[in-house]
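Remarks on the structure that follows.
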Amino acid sequence: MSNELEHIAIIMDGNGRWAKKRNLPRSAGHKKGAETLQEIVKGASEMGIKYMTVYAFSTENWKRDKSEVDYLMDLLRHYLKSEFDEINKQGGRILFIGERNMLDDDIVAQMENIENKTSGNDKFTFIVALSYGSRAEILSAVKKVSSSVAKGDILVEDIDENLFSSMLYTRNIPDPDLVIRTSGEQRISNYLLWQLAYSELFFTKTLWPDFTVAELKEIINDFNSRERRYGKV
Ligand code: FPP
């Protein structure tokens, strides 16, 4: 049996613990985690997965030590400047979801640059949740819908799931079929709360830097053996 698998969402957790186990600074875990991410995106696109969304930085992550936030932002700068070009070469379109106003201007400019540069690519779509929080995303959609009603552009009766989805950062992106969280934690942590309504959940003890394409394949096999009912019998 096989289920349709268009979109995988991932919570990449455990970089800090990976580093601690090796007596390395947390930054070393993030560096290795970013390399793992490149491998997984490549592997998933080669398997024909059309969409992959990864949680790279949550709105809550801004509360970490300044040195760790600065390291993650510099790592991101590096990936935006060079490494993400690999995804462009593989025919991937790159999108970012999250609160852009909290990010430095040079980073936002680079993000927009990559989104524009890759907008014509149609092999797969790689979505990076950056400075992302799902409740903030939902509230921003509520504000957009309310303001359309207040202006008289739409009626309250017009508000349905499709209209609301179109007000989220993920408009035009199908909901994830499968969500994977690494490192043994079993939480959703303010990630894609609306979009994950019917997703299959997978939790693995593997720390993100150790995650491999082989394990991704095992998870996909397990996903294929599950019966998805969407509330029906
Ligand atoms: C969670 O591990 C991971 C993060 C908060 C950052 C995820 C970022 C990457 C994998 C790098 C991505 C890079 C780019 C360029 C997009 P943790 O630090 O919470 O680990 P811990 O729970 O073991 O402390």
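All residue names refer to the structure tokens as shown: chains lettered A, B, ... in order, residues numbered from 1 in each chain, ligands numbered from 1 in order.
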
Review point. Please, which residues have at least one atom within 10 Å of an atom of ligand 1, using only C-alpha atoms and all ligand atoms, listed as a ChimeraX atom specification?
Key: /A:11-21,26-27,29-38,54-58,60-62,64,68-69,72-80,83-84,127-130,182-185,207-209

Review point. Leaving out stretch 104-110 of chain A and any residue of its chain fewer than 2 positions from it, which residues lie within 8 Å of it when counting only C-alpha atoms, given as an MDAnalysis selection string?
Key: chainID A and resid 77 80:81 100:102 112:114

Identify all residues of stretch 167-217 of chain A in alpha helix (DSSP H) (DSSP on the backbone) and supply them as a CSV table (one decimal) with N, CA, C and O atoms, in the first residue's frame.
chain,number,residue,atom,x,y,z
A,213,VAL,N,19.3,10.1,4.9
A,213,VAL,CA,18.4,9.8,3.9
A,213,VAL,C,17.8,8.4,4.1
A,213,VAL,O,16.6,8.1,3.8
A,214,ALA,N,18.7,7.5,4.6
A,214,ALA,CA,18.2,6.1,4.8
A,214,ALA,C,17.1,6.1,5.8
A,214,ALA,O,16.1,5.4,5.7
A,215,GLU,N,17.3,6.9,6.9
A,215,GLU,CA,16.2,6.9,7.9
A,215,GLU,C,14.9,7.6,7.4
A,215,GLU,O,13.8,7.1,7.7
A,216,LEU,N,15.1,8.6,6.6
A,216,LEU,CA,14.0,9.2,5.9
A,216,LEU,C,13.2,8.2,5.1
A,216,LEU,O,11.9,8.1,5.2
A,217,LYS,N,13.9,7.3,4.4
A,217,LYS,CA,13.3,6.3,3.6
A,217,LYS,C,12.5,5.3,4.5
A,217,LYS,O,11.4,4.9,4.1

Review point. Which residues come within 10 Å of A:Asp85, counting only C-alpha atoms, excluding same-chain residues fewer than 6 positions away, as a list in words?
Key: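 Result of the neighbour search: Tyr79, Gly91, Gly92, Ile94, Ile114, Lys117 and Thr118 of chain A.
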
Got time to write the residues from that selection, all heavy atoms, as a CSV table (one decimal), in the first residue's frame?
chain,number,residue,atom,x,y,z
A,79,TYR,N,24.6,30.3,4.1
A,79,TYR,CA,23.8,29.4,3.2
A,79,TYR,C,23.0,30.2,2.2
A,79,TYR,O,22.9,29.8,1.0
A,79,TYR,CB,22.8,28.6,4.1
A,79,TYR,CG,23.4,27.3,4.5
A,79,TYR,CD1,24.4,27.3,5.5
A,79,TYR,CD2,23.2,26.1,3.8
A,79,TYR,CE1,25.0,26.1,5.9
A,79,TYR,CE2,23.8,24.9,4.2
A,79,TYR,CZ,24.8,24.9,5.2
A,79,TYR,OH,25.4,23.8,5.5
A,91,GLY,N,17.1,22.5,-9.3
A,91,GLY,CA,15.8,22.8,-9.8
A,91,GLY,C,14.8,23.1,-8.7
A,91,GLY,O,13.6,23.0,-8.9
A,92,GLY,N,15.3,23.4,-7.6
A,92,GLY,CA,14.4,23.7,-6.4
A,92,GLY,C,14.0,25.2,-6.3
A,92,GLY,O,14.8,26.1,-6.6
A,94,ILE,N,12.9,28.1,-3.7
A,94,ILE,CA,13.1,28.3,-2.2
A,94,ILE,C,12.1,29.4,-1.8
A,94,ILE,O,12.0,30.4,-2.4
A,94,ILE,CB,14.5,28.7,-1.9
A,94,ILE,CG1,15.5,27.6,-2.4
A,94,ILE,CG2,14.7,28.9,-0.4
A,94,ILE,CD1,16.9,27.9,-2.1
A,114,ILE,N,16.9,35.3,-3.3
A,114,ILE,CA,16.8,33.8,-3.6
A,114,ILE,C,15.4,33.4,-4.0
A,114,ILE,O,15.2,32.6,-4.9
A,114,ILE,CB,17.3,33.0,-2.4
A,114,ILE,CG1,18.8,33.1,-2.3
A,114,ILE,CG2,16.8,31.5,-2.5
A,114,ILE,CD1,19.4,32.1,-1.5
A,117,LYS,N,15.1,34.6,-7.6
A,117,LYS,CA,16.0,33.8,-8.5
A,117,LYS,C,15.4,32.4,-8.7
A,117,LYS,O,15.6,31.9,-9.8
A,117,LYS,CB,17.3,33.7,-7.8
A,117,LYS,CG,18.5,33.3,-8.7
A,117,LYS,CD,19.8,33.7,-8.0
A,117,LYS,CE,20.7,32.5,-8.0
A,117,LYS,NZ,22.0,32.8,-7.2
A,118,THR,N,14.8,31.8,-7.7
A,118,THR,CA,14.3,30.4,-7.9
A,118,THR,C,12.8,30.3,-8.2
A,118,THR,O,12.3,29.2,-8.3
A,118,THR,CB,14.6,29.6,-6.6
A,118,THR,OG1,13.9,30.1,-5.5
A,118,THR,CG2,16.1,29.6,-6.2

Could you pull the residues within 10 Å of A:Asp177, counting only C-alpha atoms, minus those fewer than 5 positions along the same chain, as a CSV table (one decimal) with N, CA and C atoms, in the first residue's frame?
chain,number,residue,atom,x,y,z
A,3,ASN,N,0.6,5.7,0.3
A,3,ASN,CA,-0.1,6.9,0.4
A,3,ASN,C,0.5,8.0,-0.4
A,4,GLU,N,-0.3,8.9,-0.8
A,4,GLU,CA,0.2,10.0,-1.6
A,4,GLU,C,1.1,10.9,-0.7
A,5,LEU,N,2.3,11.1,-1.1
A,5,LEU,CA,3.3,11.9,-0.3
A,5,LEU,C,3.8,13.1,-1.1
A,6,GLU,N,3.3,14.2,-0.9
A,6,GLU,CA,3.7,15.4,-1.6
A,6,GLU,C,4.6,16.3,-0.8
A,7,HIS,N,4.2,16.4,0.5
A,7,HIS,CA,4.9,17.4,1.3
A,7,HIS,C,5.3,16.8,2.7
A,8,ILE,N,6.6,17.0,3.0
A,8,ILE,CA,7.1,16.5,4.3
A,8,ILE,C,7.5,17.8,5.1
A,9,ALA,N,7.1,17.9,6.3
A,9,ALA,CA,7.6,19.0,7.2
A,9,ALA,C,8.5,18.4,8.3
A,51,TYR,N,7.4,18.9,-2.0
A,51,TYR,CA,7.5,20.0,-1.0
A,51,TYR,C,8.2,19.6,0.3
A,195,GLN,N,-1.9,23.9,9.4
A,195,GLN,CA,-1.6,23.1,8.2
A,195,GLN,C,-1.4,21.6,8.6
A,196,LEU,N,-1.1,21.3,9.8
A,196,LEU,CA,-0.9,19.9,10.2
A,196,LEU,C,-2.1,19.1,10.7
A,197,ALA,N,-3.3,19.7,10.4
A,197,ALA,CA,-4.5,19.1,11.0
A,197,ALA,C,-4.7,17.6,10.7
A,198,TYR,N,-4.3,17.2,9.5
A,198,TYR,CA,-4.5,15.7,9.2
A,198,TYR,C,-3.1,15.0,8.9
A,199,SER,N,-2.0,15.7,9.3
A,199,SER,CA,-0.7,15.1,8.9
A,199,SER,C,-0.4,13.9,9.8
A,200,GLU,N,0.3,12.9,9.3
A,200,GLU,CA,0.8,11.8,10.0
A,200,GLU,C,2.1,12.3,10.8
A,201,LEU,N,2.2,11.9,12.1
A,201,LEU,CA,3.3,12.4,12.9
A,201,LEU,C,4.3,11.3,13.1
A,223,PHE,N,5.1,5.4,6.8
A,223,PHE,CA,4.0,6.3,6.4
A,223,PHE,C,3.1,5.6,5.4
A,228,ARG,N,-4.7,6.4,6.2
A,228,ARG,CA,-5.1,7.8,6.5
A,228,ARG,C,-6.6,7.9,6.2

Exercise for review: Identify which of the residues A:Gly43, A:Gly48, A:Pro174, A:Gly120 lies closest to A:Leu192, counting only C-alpha atoms when measuring atom-to-atom distances.
Suggested key: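 So, comparing all the options, the nearest one is A:Pro174.
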
Exercise for review: Go ahead and compute the interatomic distance for atom CA of A:Phe96 and atom CA of A:Ser119, in Å to one decimal.
Suggested key: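 Atom-to-atom, atom CA of A:Phe96 and atom CA of A:Ser119 are spaced 12.0 Å apart.
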
Practice item. Write out as an MDAnalysis selection string all residues of chain A that DSSP puts in strand (DSSP E) for this structure's backbone. Key: chainID A and resid 7:11 51:58 92:97 124:132 178:181 200:203

Point to revise | Which of A:Asn88, A:Thr206, A:Ser131, A:Ser225 sits closest to A:Ser45 [using only C-alpha atoms] | key: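 The shortest atom-to-atom distance to A:Ser45 comes from A:Asn88.
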
Point to revise | For atom CA of A:Ile138 and atom CA of A:Asp175, the interatomic separation in Å (one decimal) | key: 14.7 Å

**Study point:** Among listed residues A:Ala141, A:Leu103, A:Ile188, A:Leu95, nearest A:Leu168 (using only C-alpha atoms)
**Key:**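 For A:Leu168, the nearest of the given residues is A:Ala141.
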
Practice item. Rounded to one decimal place, report the atom CA of A:Ile87-atom CA of A:Val41 distance in Å. Key: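 Distance between the two atoms: 8.0 Å.
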
Exercise for review: Would you mind telling me which residue in A:Thr59, A:Asn224, A:Gln90, A:Ser166 lies nearest to A:Lys42 when using only C-alpha atoms?
Suggested key: A:Gln90
